[in-house]
Every structure is written in C-alpha cells, then in structure tokens.
Amino acid sequence: MKLKLPNPGLDDRIPSHGDLEKMEEQQAGDRPKWDNKAQYLLTCVGFCVGLGNVWRFPYLCQSHGGGAFMIPFLILLVLEGIPLLHLEFAIGQRLRKGSVGVWRSINPYLTGVGIASFFVSFLVGMYYNTIMAWIMWYLFHSFQDPLPWSQCPLNANKTGLVKECALSTTVDYFWYRDTLNTSTAIDEFGGLQWGMVLALVAAWTLLYVCCIRGIETSGKAVYITSTLPYFVLTIFLIRGLTLKGSWEGIKFLFTPDVNELMNPATWLDAGAQVFYSFSLAFGGLISFSSYNSIHNNCELDAVLISIINGCTSVYSATVIYSIIGFRATQKYDACMGDNILKLINAFSLPENGITESNYNEVLAHYNMTSPHIVEGLDIQPCVIQTFLSQGVEGTGLAFIVFTEAIIKMPVSPLWAVLFFIMLFCLGLSTMFGNIEGVVAPLQELKVLPKTWPKEILCGSICLISFALGLIFAMRAGNYWLALFDQFAGSIPLLVIGFCEMFSVIYIYGIDRFNKDIEFMIGHKPNVFWQVTWRFVSPLIMVFILIFYLITQVTQSLTYLSWDPEAAGFPTLQARPFPSWIYFIIFILAGVPSLSIPAFALYKFIQRKYCKQKDDSGDSVVSVSAKVPMGDKMKF
C-alpha cells in the first residue's frame with residue numbers, strides 16, 4: 001500500500017503535460033529562458049560551489065581523520081545530496097515556478113516552505129555579501145609591495161612596534177585591527193567603520209549590476225565567475241607543489257584515521273557539509289531549473305553537478321593543504337632555528353656546530369650534562385605534525401592562515417591578487433543564486449507592485465540588504481557575522497529540505513512525480529531514486545537535524561573574542577553570549593523554520609473562518625490560461 005496524503009484540487013493548480021508541450025511550442029509564459037545548456041550548468045555550479053568548498057571542507061577533512069572523512073562524505077553525497085538536488089531540479093522544471101510558486105501549486109498549505117527559503121536566502125545573502133566586502137578590501141590592499149599585512153606598524157613614538165601587533169602576528173593585527181577594528185565583545189557595537197562601509201557599498205553595487213535583469217545578466221557573468229576559480233586553483237596547486245613542505249600538508253590531509261569512522265560527529269559533519277555545499281533548500285536551484293526546456297534531462301544535470309561539486313571539494317582541499325604544508329614547514333624551520341641559536345649561544349658552540357640532523361643528539365647530551373642551563377633556555381618543542389594540525393576554517397583560513405603563507409612566497413602580491421580574485425568569483429556566483437532565491441518569491445507572493453521592473457525590484461533588495469548589513473560594518477560586526485553564519489544557514493535548511501522531499505513524495509505523490517519525470521526525460525526514475533526519495537534521504541535529514549539540535553542544546557553557546565587585554569592574548573577568548581542574544585538566535589533559526597507551520601495554520605484559519613468566494617492562493621493560474629487550449633475550460 002502506497003502512502004499518499006489527500007490533496008484535492010491538485011490537477012487544477014498545475015499545468016498538464018499537454019499544457020507544457022503547447023507552451024514549449026508557442027514560447028508562451030513570461031519566464032525567461034537560458035541562452036544555452038552551458039549557461040545553466042555554469043550558473044548551478046557557481047551557486048553550489050562556493051566559499052565553503054575552499055575553507056570549510058579542508059578543515060573537516062583535517063579534523064576528522066583526513067582521508068577517512070572522504071568515506072562518509074561520499075556515501076552521504078550519494079544518499080542525501082544527489083537525490084534532493086535531482087528532486088529540486090525536477091519539480092522546478094515540471095511546475096515552471098520559483099520556490100513559493102512550486103510549493104503553493106502542490107498545496108496552498110505548503111506556501112510556507114517557499115517563504116522559509118526566502119527568509120534563509122535573504123538572511124544568508126545579507127552576511128555573505130559582507131564576506132565579499134572583506135574579500136574586496138583585501139584584494140584592494142593586495143596591489144602593494146610589500147603587502148600591508150607583512151609587517152607591524154610603528155608605535156606613536158616611532159620607537160618600536162605597536163604592542164598589539166608585537167604580541168600577536170602581522171596577519172592577525174591586519175585582520176582584527178586594520179580591517180575590522182574589532183571590539184572585545186558582541187554587545188560593544190562601536191561605530192561604523194567607514195572603510196568597510198565603502199567596501200560594502202562596492203560589493204552590493206557590483207552584485208546589483210550583475211543581477212539587474214535576472215538571469216539575462218547574471219547568466220553572462222557566470223562564464224567568468226564559475227570558471228576562473230578552477231584556473232586559479234590549478235595555478236596555486238602547481239605553485240604549491242614546488243614549495244618546501246607542500247607534500248607534508250597533502251599527506252597529512254589524506255592520511256586516513258579509520259577510528260574516526262566510529263565517531264558520530266564525523267558522519268554528522270559529513271552530512272551537514274553535503275547538504276550545505278549543494279546550496280539545497282535556498283530556493284535558487286528551483287528557480288534556475290524552471291527556466292529550462294521542459295524536456296531537459298534534469299537527472300543527468302543533478303548527477304553531473306554533484307560530481308563536479310564533490311571533486312571540487314577534494315581538489316580545493318588538496319590545494320589548500322599544499323599551502324598549509326608549506327606554512328607549517330616554515331614555522332617548523334623557524335622553531336628549530338631559534339632553538340639551535342639558543343643552544344649555540346648558551347654553550348659557545350661554533351656557528352654550524354648544531355644542525356637539524358644532530359639537533360636531538362646535542363639536546364639530549366646537554367640535558368644530561370647541563371640540565372639547569374637547558375631549562376633556562378626556554379627550548380620550544382618543534383613537531384611538524386603540531387603545526388599541520390593547527391586547523392582553522394572560514395575567515396581564519398582565508399584572512400589569516402593563507403595570507404601568512406602568501407607573504408612567505410616570492411612575488412607575494414601576485415599570489416595575493418590571484419587568491420582573492422578566486423574567492424571573489426566563488427562568492428559572487430553563489431550570491432547570484434541567493435538573490436534569485438529572494439527575487440522569485442517576492443514576485444510570486446505579489447507583495448510588491450507588479451508594474452515594478454526587475455531593475456527596481458533587484459535594486460530595492462540590494463539596498464535593503466545593504467542597510468541591514470551595516471551591522472556587520474561595525475566594530476562588533478565580525479561576531480555578528482559568525483552568529484548569522486552559525487544559525488541562519490543551519491537548522492532552517494535541514495527543516496526545509498525535509499519538507500521539500502516529504503511534500504513531493506507524499507503530498508504531490510511519487511507516482512505522479514515518476515510520470516512527470518518520464519514525460520520530461522523519457523524514462524522513469526530507477527530504483528535508486530525511488531528508495532532514496534521515499535526512505536533513505538528523509539531519514540538521514542531527520543537524523544542530522546535531531547543530532548544537530550541535541551548538540552546545540554547540550555553545549556554552552558560561546559563566541560571567540562579578540563581581546564588584547566586578556567591574559568591569554570593572542571589566543572582568542574571564548575565568551576558566553578549575553579542572554580538577550582537568544583532572541584536574535586530565535587529570529588535567525590526559529591522564524592524561517594516556524595514560518596512553514598505558521599503559514600499552514602494561517603491558511604487553515606482563513607479557510608475555516610474567513611468565507612471568501614475567491615480563496616487567494618488555492619488556485620494558481622496554469623499555463624493553459626496563456627495559450628489557446630481549444631474547448632478546455634480556463635480557470
């Protein structure tokens with residue numbers, strides 16, 4: 001017995017196969033189309049492959065057993081990522097609508113799923129473009145020799161270095177003080193940092209220019225933004241492999257620790273990474289697929305983009321850790337050199353009396369003969385694995401670790417420019433999908449005048465996002481961005497993804513969906529799709545969501561603060577959030593998630609108690625209203 005929930009009136013809300021064929025022939029409808037298949041694929045690849053592939057995936061590999069992490073990642077990529085990606089492509093292509101229109105067509109009670117995607121796209125886009133502003137700030141400062149983060153500034157008296165920089169590092173100082181001018185707590189807002197405000201203006205202006213006419217303009221930009229990062233990654237890989245210690249980093253990354261496979265956190269992180277790296281549940285992929293020909297092979301697209309996404313993650317991790325291996329070797333050499341110099345000076349040895357090859361023997365000898373002298377030298381342990389295991393992710397990897405490695409390379413400004421151009425392209429192509437996930441729902445909800453052209457609509461979204469995003473340009477902006485990143489793009493996406501799959505399989509109906517796919521691509525989905533859609537993928541998402549909630553509830557919520565006055569400086573200090581921040585967390589994670597049941601309840605009350613002749617939202621005008629259909633009734 002097949003489980004399918006009652007869904008009256010579905011046939012009146014969606015176009016029939018005949019309607020779609022007629023629309024295809026007569027080019028009816030007001031939805032734009034892709035110029036060619038390559039443009040569509042590049043746009044989807046650009047949206048899916050983002051900054052997380054470069055600075056999140058390598059960190060997860062390093063912290064979860066290196067090559068061992070690849071096993072759960074690839075398994076969950078197949079069982080969770082590809083099925084949901086195919087489902088979004090197929091339902092968008094079949095119903096020819098954006099994220100709100102698709103779910104409202106399936107059932108008006110599901111409109112909240114599209115609204116939740118809209119909220120997430122808006123919130124994530126607001127802080128994501130701030131990262132773009134940071135990247136542009138660093139790109140602008142990369143056209144200098146020497147690079148501004150390569151040396152500490154002098155103090156006010158010109159008699160020494162600024163204390164904060166001398167106690168930390170040049171890259172830390174440039175990031176936390178010169179770039180962010182960060183405060184010591186999330187509730188110490190400080191004023192607007194006008195340099196960052198200008199960078200934010202530039203980031204939103206450039207995004208607006210690229211998206212001013214929707215896919216008509218962003219579709220042209222992806223030819224550069226989606227391909228250039230691969231070219232730059234390849235350049236960095238070739239350069240990285242020629243640097244001393246690069247192979248140490250690559251070996252460290254991929255050396256498997258099979259014990260990590262028994263760690264539930266490894267599977268949880270792998271599942272979450274698969275989900276986020278595909279940009280699922282944002283609504284952008286549904287909108288992008290709706291612009292396709294009705295007979296486009298969406299199954300092949302899903303498999304192809306999944307392979308590209310997975311391979312990009314592994315490829316970028318290889319590049320990143322070749323550079324991190326070089327950085328770790330530089331730190332190891334500096335540590336050994338400092339220790340050797342201390343021993344030579346203490347025991348009046350000849351200049352080349354101690355080398356790396358005989359260092360351990362000499363140290364052991366003096367530890368036995370003169371232990372009191374050695375104890376006073378403050379000899380530091382120098383272990384290459386320790387330097388390699390100092391894993392960081394996110395902004396720490398891009399703006400601290402990688403910039404530190406770059407200043408040790410010959411012609412460092414060139415590598416800095418290339419690196420930040422790559423990050424800029426990755427972020428910009430992802431923002432195209434975020435903007436689409438905001439624009440399409442607003443058009444379908446009709447909350448703005450229909451007479452507004454795309455230029456005005458897109459400009460309004462960018463302007464509002466910029467105004468609200470000014471909080472990230474304050475001195476506490478870095479802490480607020482980390483808060484948004486932790487909660488806005490986590491729980492809501494898992495909830496939306498589960499609702500999407502459940503809605504298509506058990507409300508729209510798996511049999512109808514199978515027939516739709518057979519109509520579109522010429523054959524029914526095979527047993528793999530049937531099993532993953534019905535059982536495996538929904539269970540995985542529920543499992544990840546439950547364990548994620550348990551993890552968040554059981555651990556104390558803290559954030560990392562940069563405080564030059566703290567005893568442990570320059571180590572970042574873990575601080576508890578103020579109590580009122582939980583209200584902000586509820587807005588970020590709770591409002592998008594709860595908008596799904598809230599809108600369903602609103603619809604129920606409207607139907608139950610508000611008797612209206614024309615119940616808005618229950619009937620969606622089909623394509624048949626736009627093309628001649630003979631004697632067929634127009635609704």
# chains A, B, ... in the order shown; residues from 1 in each chain; ligands from 1
>>> residues_around(residues="Asp178 (chain A)", least_positions_apart="5", cutoff="12 Å", atoms="only C-alpha atoms", output="number ranges by chain")
A: 134, 137-138, 141, 148-149, 152-153, 164-165, 170-173, 193-196, 475
>>> write_last_selection(atoms="C-alpha atoms", output="compact mmCIF listing (two decimals), in the first residue's frame")
# COMPACT_ATOMS: atom_id res chain seq x y z
CA TRP A 134 36.08 41.80 3.16
CA TRP A 137 39.11 45.06 0.91
CA TYR A 138 41.97 42.55 0.88
CA HIS A 141 45.29 46.11 -0.47
CA PRO A 148 50.38 45.62 4.28
CA TRP A 149 49.91 42.52 6.45
CA CYS A 152 53.85 45.58 12.04
CA PRO A 153 53.37 49.35 12.15
CA GLU A 164 49.10 44.60 19.94
CA CYS A 165 50.90 43.59 16.74
CA THR A 170 51.26 40.77 11.46
CA VAL A 171 48.39 38.92 9.74
CA ASP A 172 46.32 38.83 12.95
CA TYR A 173 46.85 42.54 13.51
CA GLN A 193 33.96 51.54 10.13
CA TRP A 194 33.75 53.75 7.08
CA GLY A 195 36.35 51.90 5.07
CA MET A 196 34.30 48.75 5.46
CA ARG A 475 33.35 47.08 15.33
>>> select_by_dssp(residues="region 156-265 of chain A", states="alpha helix (DSSP H)", output="count of residues only")
63
>>> residues_around(residues="Ile400 (chain A)", least_positions_apart="3", cutoff="9 Å", atoms="only C-alpha atoms", output="list of chain:residue names")
A:Val171, A:Asp172, A:Phe174, A:Trp175, A:Thr395, A:Gly396, A:Leu397, A:Thr403, A:Glu404, A:Ala405
>>> write_last_selection(atoms="all heavy atoms", output="JSON list (two decimals), in the first residue's frame")
[["chain", "number", "residue", "atom", "x", "y", "z"],
["A", 171, "VAL", "N", 49.65, 39.23, 10.44],
["A", 171, "VAL", "CA", 48.39, 38.92, 9.74],
["A", 171, "VAL", "C", 47.21, 39.06, 10.70],
["A", 171, "VAL", "O", 46.12, 39.49, 10.30],
["A", 171, "VAL", "CB", 48.44, 37.52, 9.11],
["A", 171, "VAL", "CG1", 49.39, 37.51, 7.93],
["A", 171, "VAL", "CG2", 48.83, 36.45, 10.12],
["A", 172, "ASP", "N", 47.39, 38.65, 11.96],
["A", 172, "ASP", "CA", 46.32, 38.83, 12.95],
["A", 172, "ASP", "C", 46.01, 40.31, 13.14],
["A", 172, "ASP", "O", 44.84, 40.71, 13.18],
["A", 172, "ASP", "CB", 46.73, 38.23, 14.31],
["A", 172, "ASP", "CG", 46.62, 36.72, 14.33],
["A", 172, "ASP", "OD1", 45.71, 36.19, 13.67],
["A", 172, "ASP", "OD2", 47.45, 36.08, 14.99],
["A", 174, "PHE", "N", 46.54, 42.88, 11.11],
["A", 174, "PHE", "CA", 45.91, 43.50, 9.95],
["A", 174, "PHE", "C", 44.44, 43.10, 9.85],
["A", 174, "PHE", "O", 43.60, 43.92, 9.47],
["A", 174, "PHE", "CB", 46.64, 43.10, 8.66],
["A", 174, "PHE", "CG", 46.13, 43.81, 7.44],
["A", 174, "PHE", "CD1", 46.55, 45.09, 7.14],
["A", 174, "PHE", "CD2", 45.20, 43.21, 6.60],
["A", 174, "PHE", "CE1", 46.07, 45.77, 6.03],
["A", 174, "PHE", "CE2", 44.71, 43.87, 5.48],
["A", 174, "PHE", "CZ", 45.15, 45.15, 5.20],
["A", 175, "TRP", "N", 44.13, 41.85, 10.20],
["A", 175, "TRP", "CA", 42.74, 41.38, 10.11],
["A", 175, "TRP", "C", 41.88, 41.99, 11.22],
["A", 175, "TRP", "O", 40.85, 42.62, 10.95],
["A", 175, "TRP", "CB", 42.71, 39.86, 10.18],
["A", 175, "TRP", "CG", 41.36, 39.24, 10.36],
["A", 175, "TRP", "CD1", 40.94, 38.43, 11.37],
["A", 175, "TRP", "CD2", 40.23, 39.35, 9.47],
["A", 175, "TRP", "NE1", 39.65, 38.04, 11.19],
["A", 175, "TRP", "CE2", 39.17, 38.60, 10.04],
["A", 175, "TRP", "CE3", 40.00, 40.03, 8.28],
["A", 175, "TRP", "CZ2", 37.92, 38.49, 9.45],
["A", 175, "TRP", "CZ3", 38.74, 39.93, 7.69],
["A", 175, "TRP", "CH2", 37.72, 39.18, 8.27],
["A", 395, "THR", "N", 36.81, 32.40, 7.88],
["A", 395, "THR", "CA", 37.60, 33.61, 7.69],
["A", 395, "THR", "C", 39.02, 33.44, 8.22],
["A", 395, "THR", "O", 39.95, 34.07, 7.72],
["A", 395, "THR", "CB", 36.92, 34.79, 8.40],
["A", 395, "THR", "OG1", 36.69, 34.45, 9.77],
["A", 395, "THR", "CG2", 35.58, 35.12, 7.75],
["A", 396, "GLY", "N", 39.19, 32.61, 9.25],
["A", 396, "GLY", "CA", 40.54, 32.38, 9.78],
["A", 396, "GLY", "C", 41.46, 31.78, 8.76],
["A", 396, "GLY", "O", 42.66, 32.12, 8.69],
["A", 397, "LEU", "N", 40.94, 30.86, 7.94],
["A", 397, "LEU", "CA", 41.76, 30.25, 6.90],
["A", 397, "LEU", "C", 42.09, 31.24, 5.80],
["A", 397, "LEU", "O", 43.24, 31.35, 5.36],
["A", 397, "LEU", "CB", 41.03, 29.04, 6.30],
["A", 397, "LEU", "CG", 41.73, 28.35, 5.14],
["A", 397, "LEU", "CD1", 43.07, 27.77, 5.56],
["A", 397, "LEU", "CD2", 40.85, 27.25, 4.55],
["A", 403, "THR", "N", 46.93, 34.15, 4.15],
["A", 403, "THR", "CA", 47.69, 35.39, 3.94],
["A", 403, "THR", "C", 49.08, 35.29, 4.55],
["A", 403, "THR", "O", 50.04, 35.86, 4.03],
["A", 403, "THR", "CB", 46.94, 36.59, 4.54],
["A", 403, "THR", "OG1", 46.62, 36.31, 5.91],
["A", 403, "THR", "CG2", 45.68, 36.89, 3.77],
["A", 404, "GLU", "N", 49.20, 34.55, 5.66],
["A", 404, "GLU", "CA", 50.52, 34.35, 6.27],
["A", 404, "GLU", "C", 51.42, 33.53, 5.36],
["A", 404, "GLU", "O", 52.62, 33.80, 5.23],
["A", 404, "GLU", "CB", 50.38, 33.66, 7.62],
["A", 404, "GLU", "CG", 51.70, 33.49, 8.36],
["A", 404, "GLU", "CD", 51.53, 32.79, 9.70],
["A", 404, "GLU", "OE1", 50.41, 32.38, 10.02],
["A", 404, "GLU", "OE2", 52.55, 32.66, 10.41],
["A", 405, "ALA", "N", 50.82, 32.51, 4.70],
["A", 405, "ALA", "CA", 51.61, 31.69, 3.78],
["A", 405, "ALA", "C", 52.02, 32.50, 2.55],
["A", 405, "ALA", "O", 53.14, 32.35, 2.04],
["A", 405, "ALA", "CB", 50.80, 30.46, 3.36]]
>>> atom_distance(atom1="CA of Ala589 (chain A)", atom2="CA of Ile186 (chain A)")
18.6 Å
>>> atom_distance(atom1="CA of Gly9 (chain A)", atom2="CA of Ile91 (chain A)")
17.9 Å
>>> residues_around(residues="region 486-503 of chain A", least_positions_apart="3", cutoff="6 Å", atoms="only C-alpha atoms", output="JSON, numbers by chain")
{"A": [281, 483, 506, 507, 538, 588, 589, 593]}
>>> residues_around(residues="Ile286 (chain A)", least_positions_apart="3", cutoff="7 Å", atoms="only C-alpha atoms", output="list in words")
Glu88, Phe89, Gly92, Gly98, Ser99, Gly283, Ser289 and Ser290 of chain A
>>> atom_distance(atom1="CA of Gly160 (chain A)", atom2="CA of Asn181 (chain A)")
20.8 Å
>>> residues_around(residues="region 293-297 of chain A", least_positions_apart="5", cutoff="7 Å", atoms="only C-alpha atoms", output="list of chain:residue names")
A:Gln93, A:Arg94, A:Met520, A:Ile521
>>> write_last_selection(atoms="C-alpha atoms", output="short mmCIF file (atom, residue, chain, number, x, y, z; two decimals), in the first residue's frame")
data_model
loop_
_atom_site.label_atom_id
_atom_site.label_comp_id
_atom_site.auth_asym_id
_atom_site.auth_seq_id
_atom_site.Cartn_x
_atom_site.Cartn_y
_atom_site.Cartn_z
CA GLN A 93 11.36 22.22 -14.26
CA ARG A 94 7.95 20.49 -14.12
CA MET A 520 10.39 15.22 -19.23
CA ILE A 521 13.41 12.94 -19.79
#
>>> closest_residue(among="A:Ile510, A:Leu233, A:Met336, A:Ile384", to="Arg534 (chain A)", atoms="only C-alpha atoms")
A:Ile510
>>> closest_residue(among="A:Trp452, A:Phe424, A:Phe547, A:Tyr127", to="Trp480 (chain A)", atoms="only C-alpha atoms")
A:Tyr127
>>> closest_residue(among="A:Leu51, A:Leu3, A:Ile587, A:Val232", to="Ala416 (chain A)", atoms="only C-alpha atoms")
A:Val232
>>> residues_around(residues="Pro58 (chain A)", least_positions_apart="6", cutoff="8 Å", atoms="only C-alpha atoms", output="PyMOL selection string")
chain A and resi 253+313-314+316-318+320-321+393
>>> closest_residue(among="A:Ser105, A:Phe347, A:Cys61, A:Gly50", to="Thr369 (chain A)", atoms="only C-alpha atoms")
A:Phe347
>>> closest_residue(among="A:Phe118, A:Tyr332, A:Tyr230, A:Phe419", to="Gln380 (chain A)", atoms="only C-alpha atoms")
A:Tyr332
>>> closest_residue(among="A:Trp204, A:His64, A:Ala199, A:Gln330", to="Ala473 (chain A)", atoms="only C-alpha atoms")
A:Ala199
